[in-house]
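For reference, my_file.txt (compact mmCIF, C-alpha atoms):
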```
# COMPACT_ATOMS: atom_id res chain seq x y z
CA MET W 113 -44.43 67.11 -3.77
CA SER W 114 -45.89 64.13 -1.88
CA LEU W 115 -43.67 61.62 -0.14
CA ASN W 116 -43.91 57.88 -0.77
CA LEU W 117 -42.49 55.41 1.75
CA ARG W 118 -41.81 51.86 0.62
CA ALA W 119 -39.67 48.87 1.45
CA ALA W 120 -36.57 48.59 -0.71
CA THR W 121 -36.06 45.64 -3.03
CA PRO W 122 -32.71 44.08 -3.97
CA ASP W 123 -32.89 46.00 -7.27
CA ASP W 124 -32.66 49.27 -5.28
CA ALA W 125 -29.23 48.46 -3.77
CA GLY W 126 -27.10 50.38 -6.28
CA ARG W 127 -29.36 53.40 -6.07
CA ILE W 128 -29.18 53.34 -2.26
CA VAL W 129 -25.37 53.24 -2.16
CA ARG W 130 -25.18 56.13 -4.65
CA PHE W 131 -27.71 58.08 -2.58
CA TRP W 132 -25.66 57.60 0.59
CA ARG W 133 -22.50 58.84 -1.15
CA ASP W 134 -24.29 61.81 -2.75
CA SER W 135 -25.89 62.73 0.61
CA GLY W 136 -22.60 62.79 2.50
CA ALA W 137 -23.22 59.69 4.61
CA SER W 138 -20.15 58.07 6.12
CA MET W 139 -19.13 55.10 4.03
CA ALA W 140 -17.07 52.13 5.17
CA PRO W 141 -15.25 49.71 2.86
CA GLY W 142 -17.99 47.11 3.44
CA ASP W 143 -20.78 49.44 2.33
CA SER W 144 -21.12 47.82 -1.06
CA VAL W 145 -24.07 47.21 -3.35
CA GLU W 146 -23.81 43.50 -2.54
CA SER W 147 -23.90 44.04 1.24
CA VAL W 148 -26.92 46.34 0.88
CA ARG W 149 -28.63 43.78 -1.35
CA ARG W 150 -27.94 41.07 1.25
CA ALA W 151 -29.41 43.22 4.06
CA ILE W 152 -32.50 44.07 2.02
CA SER W 153 -33.08 40.39 1.26
CA HIS W 154 -32.83 39.22 4.87
CA PRO W 155 -36.22 38.20 6.33
CA ALA W 156 -35.56 39.97 9.66
CA ALA W 157 -34.69 43.32 8.05
CA VAL W 158 -36.42 46.08 6.16
CA MET W 159 -34.86 49.05 4.39
CA MET W 160 -37.42 51.81 4.08
CA LEU W 161 -37.05 54.31 1.27
CA ALA W 162 -38.57 57.78 1.15
CA GLU W 163 -39.17 58.98 -2.39
CA ALA W 164 -40.42 62.28 -3.74
CA GLY W 165 -41.53 61.42 -7.24
CA ASP W 166 -38.63 59.51 -8.78
CA GLU W 167 -36.09 61.03 -6.38
CA LEU W 168 -34.75 59.03 -3.43
CA VAL W 169 -34.70 61.42 -0.45
CA GLY W 170 -34.27 59.15 2.59
CA THR W 171 -33.38 55.68 3.88
CA LEU W 172 -33.54 53.79 7.16
CA LEU W 173 -32.61 50.17 7.81
CA GLY W 174 -34.32 48.21 10.57
CA THR W 175 -33.12 44.77 11.65
CA PHE W 176 -34.30 42.34 14.32
CA ASP W 177 -31.88 39.88 15.89
CA GLY W 178 -34.48 37.95 17.86
CA TRP W 179 -33.70 39.99 20.96
CA ARG W 180 -34.07 43.63 19.96
CA GLY W 181 -34.54 45.89 17.00
CA ASN W 182 -31.69 47.89 15.54
CA MET W 183 -31.82 50.96 13.31
CA TYR W 184 -29.04 51.94 10.96
CA ARG W 185 -28.44 54.22 7.99
CA LEU W 186 -30.92 56.99 8.63
CA VAL W 187 -29.93 59.24 5.74
CA VAL W 188 -31.98 62.15 4.42
CA HIS W 189 -30.81 64.18 1.44
CA PRO W 190 -29.34 67.47 2.75
CA ALA W 191 -31.80 69.59 0.71
CA ARG W 192 -34.76 67.68 2.21
CA ARG W 193 -33.84 67.74 5.91
CA ARG W 194 -36.14 69.23 8.55
CA GLN W 195 -39.25 68.29 6.56
CA GLY W 196 -40.36 65.34 8.72
CA ILE W 197 -38.92 62.66 6.42
CA ALA W 198 -36.71 61.11 9.09
CA ARG W 199 -39.59 60.97 11.58
CA GLN W 200 -41.78 59.21 9.02
CA LEU W 201 -39.05 56.66 8.30
CA VAL W 202 -38.60 55.99 12.03
CA LYS W 203 -42.35 55.46 12.50
CA ARG W 204 -42.44 52.92 9.65
CA ILE W 205 -39.50 50.97 11.08
CA GLU W 206 -41.12 51.07 14.53
CA GLN W 207 -44.24 49.51 12.95
CA PHE W 208 -42.04 46.74 11.52
CA PHE W 209 -40.54 46.15 14.97
CA THR W 210 -43.97 45.97 16.58
CA GLU W 211 -45.10 43.43 13.98
CA ILE W 212 -41.98 41.26 14.37
CA GLY W 213 -42.10 41.34 18.19
CA ALA W 214 -39.21 43.63 19.13
CA ARG W 215 -39.71 45.30 22.50
CA ARG W 216 -36.45 47.23 22.74
CA VAL W 217 -34.64 49.17 20.01
CA THR W 218 -31.03 50.25 19.62
CA VAL W 219 -29.88 53.05 17.33
CA LEU W 220 -26.29 53.54 16.20
CA ILE W 221 -25.20 57.18 15.86
CA GLU W 222 -21.80 58.53 14.88
CA VAL W 223 -20.31 60.62 17.70
CA ASP W 224 -19.27 63.45 15.38
CA ARG W 225 -22.86 64.12 14.27
CA PRO W 226 -24.48 66.17 17.06
CA TRP W 227 -27.55 66.88 14.91
CA ALA W 228 -28.16 63.13 14.72
CA VAL W 229 -27.86 62.78 18.49
CA ALA W 230 -30.36 65.64 18.90
CA PHE W 231 -32.78 64.06 16.39
CA TRP W 232 -32.77 60.62 18.01
CA THR W 233 -33.19 62.12 21.47
CA ALA W 234 -36.14 64.18 20.22
CA VAL W 235 -37.92 61.11 18.79
CA GLY W 236 -37.60 59.14 22.02
CA TYR W 237 -34.22 57.40 21.87
CA PRO W 238 -32.07 58.93 24.61
CA ARG W 239 -28.36 58.22 24.84
CA ASP W 240 -27.38 55.14 26.83
CA HIS W 241 -24.53 56.16 29.12
CA HIS W 242 -23.95 52.59 30.33
CA ILE W 243 -22.97 50.85 27.09
CA VAL W 244 -19.86 51.27 24.98
CA ARG W 245 -19.72 49.72 21.53
CA HIS W 246 -16.76 47.54 20.56
CA VAL W 247 -16.35 46.56 16.90
CA GLY W 248 -14.47 43.73 15.24
CA THR W 249 -14.04 43.01 11.57
CA MET W 250 -14.48 39.49 10.29
CA VAL W 251 -11.69 38.29 8.04
CA SER W 252 -12.11 35.72 5.34
CA LEU W 253 -11.85 32.13 6.57
CA GLU W 254 -10.78 30.95 3.13
CA GLY W 255 -7.67 28.80 3.46
CA VAL W 256 -7.98 28.28 7.23
CA GLU W 257 -7.82 24.53 7.85
CA GLY W 258 -11.28 23.11 8.52
CA LEU W 259 -13.05 26.41 7.79
CA GLY W 260 -14.19 28.28 4.72
CA GLY W 261 -14.06 27.09 1.11
```
As structure tokens - that is how I would like this structure written.
Amino acid sequence: MSLNLRAATPDDAGRIVRFWRDSGASMAPGDSVESVRRAISHPAAVMMLAEAGDELVGTLLGTFDGWRGNMYRLVVHPARRRQGIARQLVKRIEQFFTEIGARRVTVLIEVDRPWAVAFWTAVGYPRDHHIVRHVGTMVSLEGVEGLGG
């Protein structure tokens, strides 16, 4: 069956979240339909979908922060892996980055997924041994004097 790559629309958000869950992707509490819809709607982001007929078989999110490109959520359905889908998604996001002016790209990979590390290394994104990621979670500012509401 032929593969179709296209940019996601906000209407695809629910389908994407279900696909991630069904494909065994790690899910965080903030991985909601609304947050996916917000990302898809942002002008400096594109979520590429890979579809085989009516079936969603892959996703990859590319964002540009004005400094560099970032890739997140490369997910390919387990039954469709090792068929070149991930490579095609990466190429499409790289085209987006070229068009928007990104010259450097960062990829986030979970440390407990050695196959993902091997994939990204194979497609030209070697591990950076000089950077460590630190993560904070924003809390609601509602009710804080002078902020929120």
Please determine, counting all atoms listed in the file, which residue among W:Arg245, W:Arg150, W:Arg118, W:Arg180 has the shortest atom-to-atom distance to W:Ile212.
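Among W:Arg245, W:Arg150, W:Arg118, W:Arg180, it is W:Arg180 that comes nearest to W:Ile212.
Reported to one decimal place, the separation of atom CA of W:Gln207 from atom CA of W:Val169 is 20.3 Å.
Between atom CA of W:Pro190 and atom CA of W:Gly174 the interatomic distance comes to 21.4 Å.
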Counting all atoms listed in the file, the residue among W:Asp240, W:Ala157, W:Glu222, W:Glu146 that lies closest to W:Glu206 is W:Ala157
Have a look at atom CA of W:Phe209 and atom CA of W:Gly181 and let me know their distance in Å, one decimal.
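So the answer is 6.3 Å.
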Best match for closeness to W:Arg193 among W:Pro226, W:Ser135, W:Glu167, W:Ser144, counting all atoms listed in the file:
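Comparing W:Pro226, W:Ser135, W:Glu167, W:Ser144 against W:Arg193, the winner is W:Ser135.
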Residue nearest W:Leu173 - candidates W:Ile205, W:Ala156, W:Ala230, W:Ala140, atoms counted: only C-alpha atoms:
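Nearest candidate to W:Leu173 out of W:Ile205, W:Ala156, W:Ala230, W:Ala140: W:Ile205.
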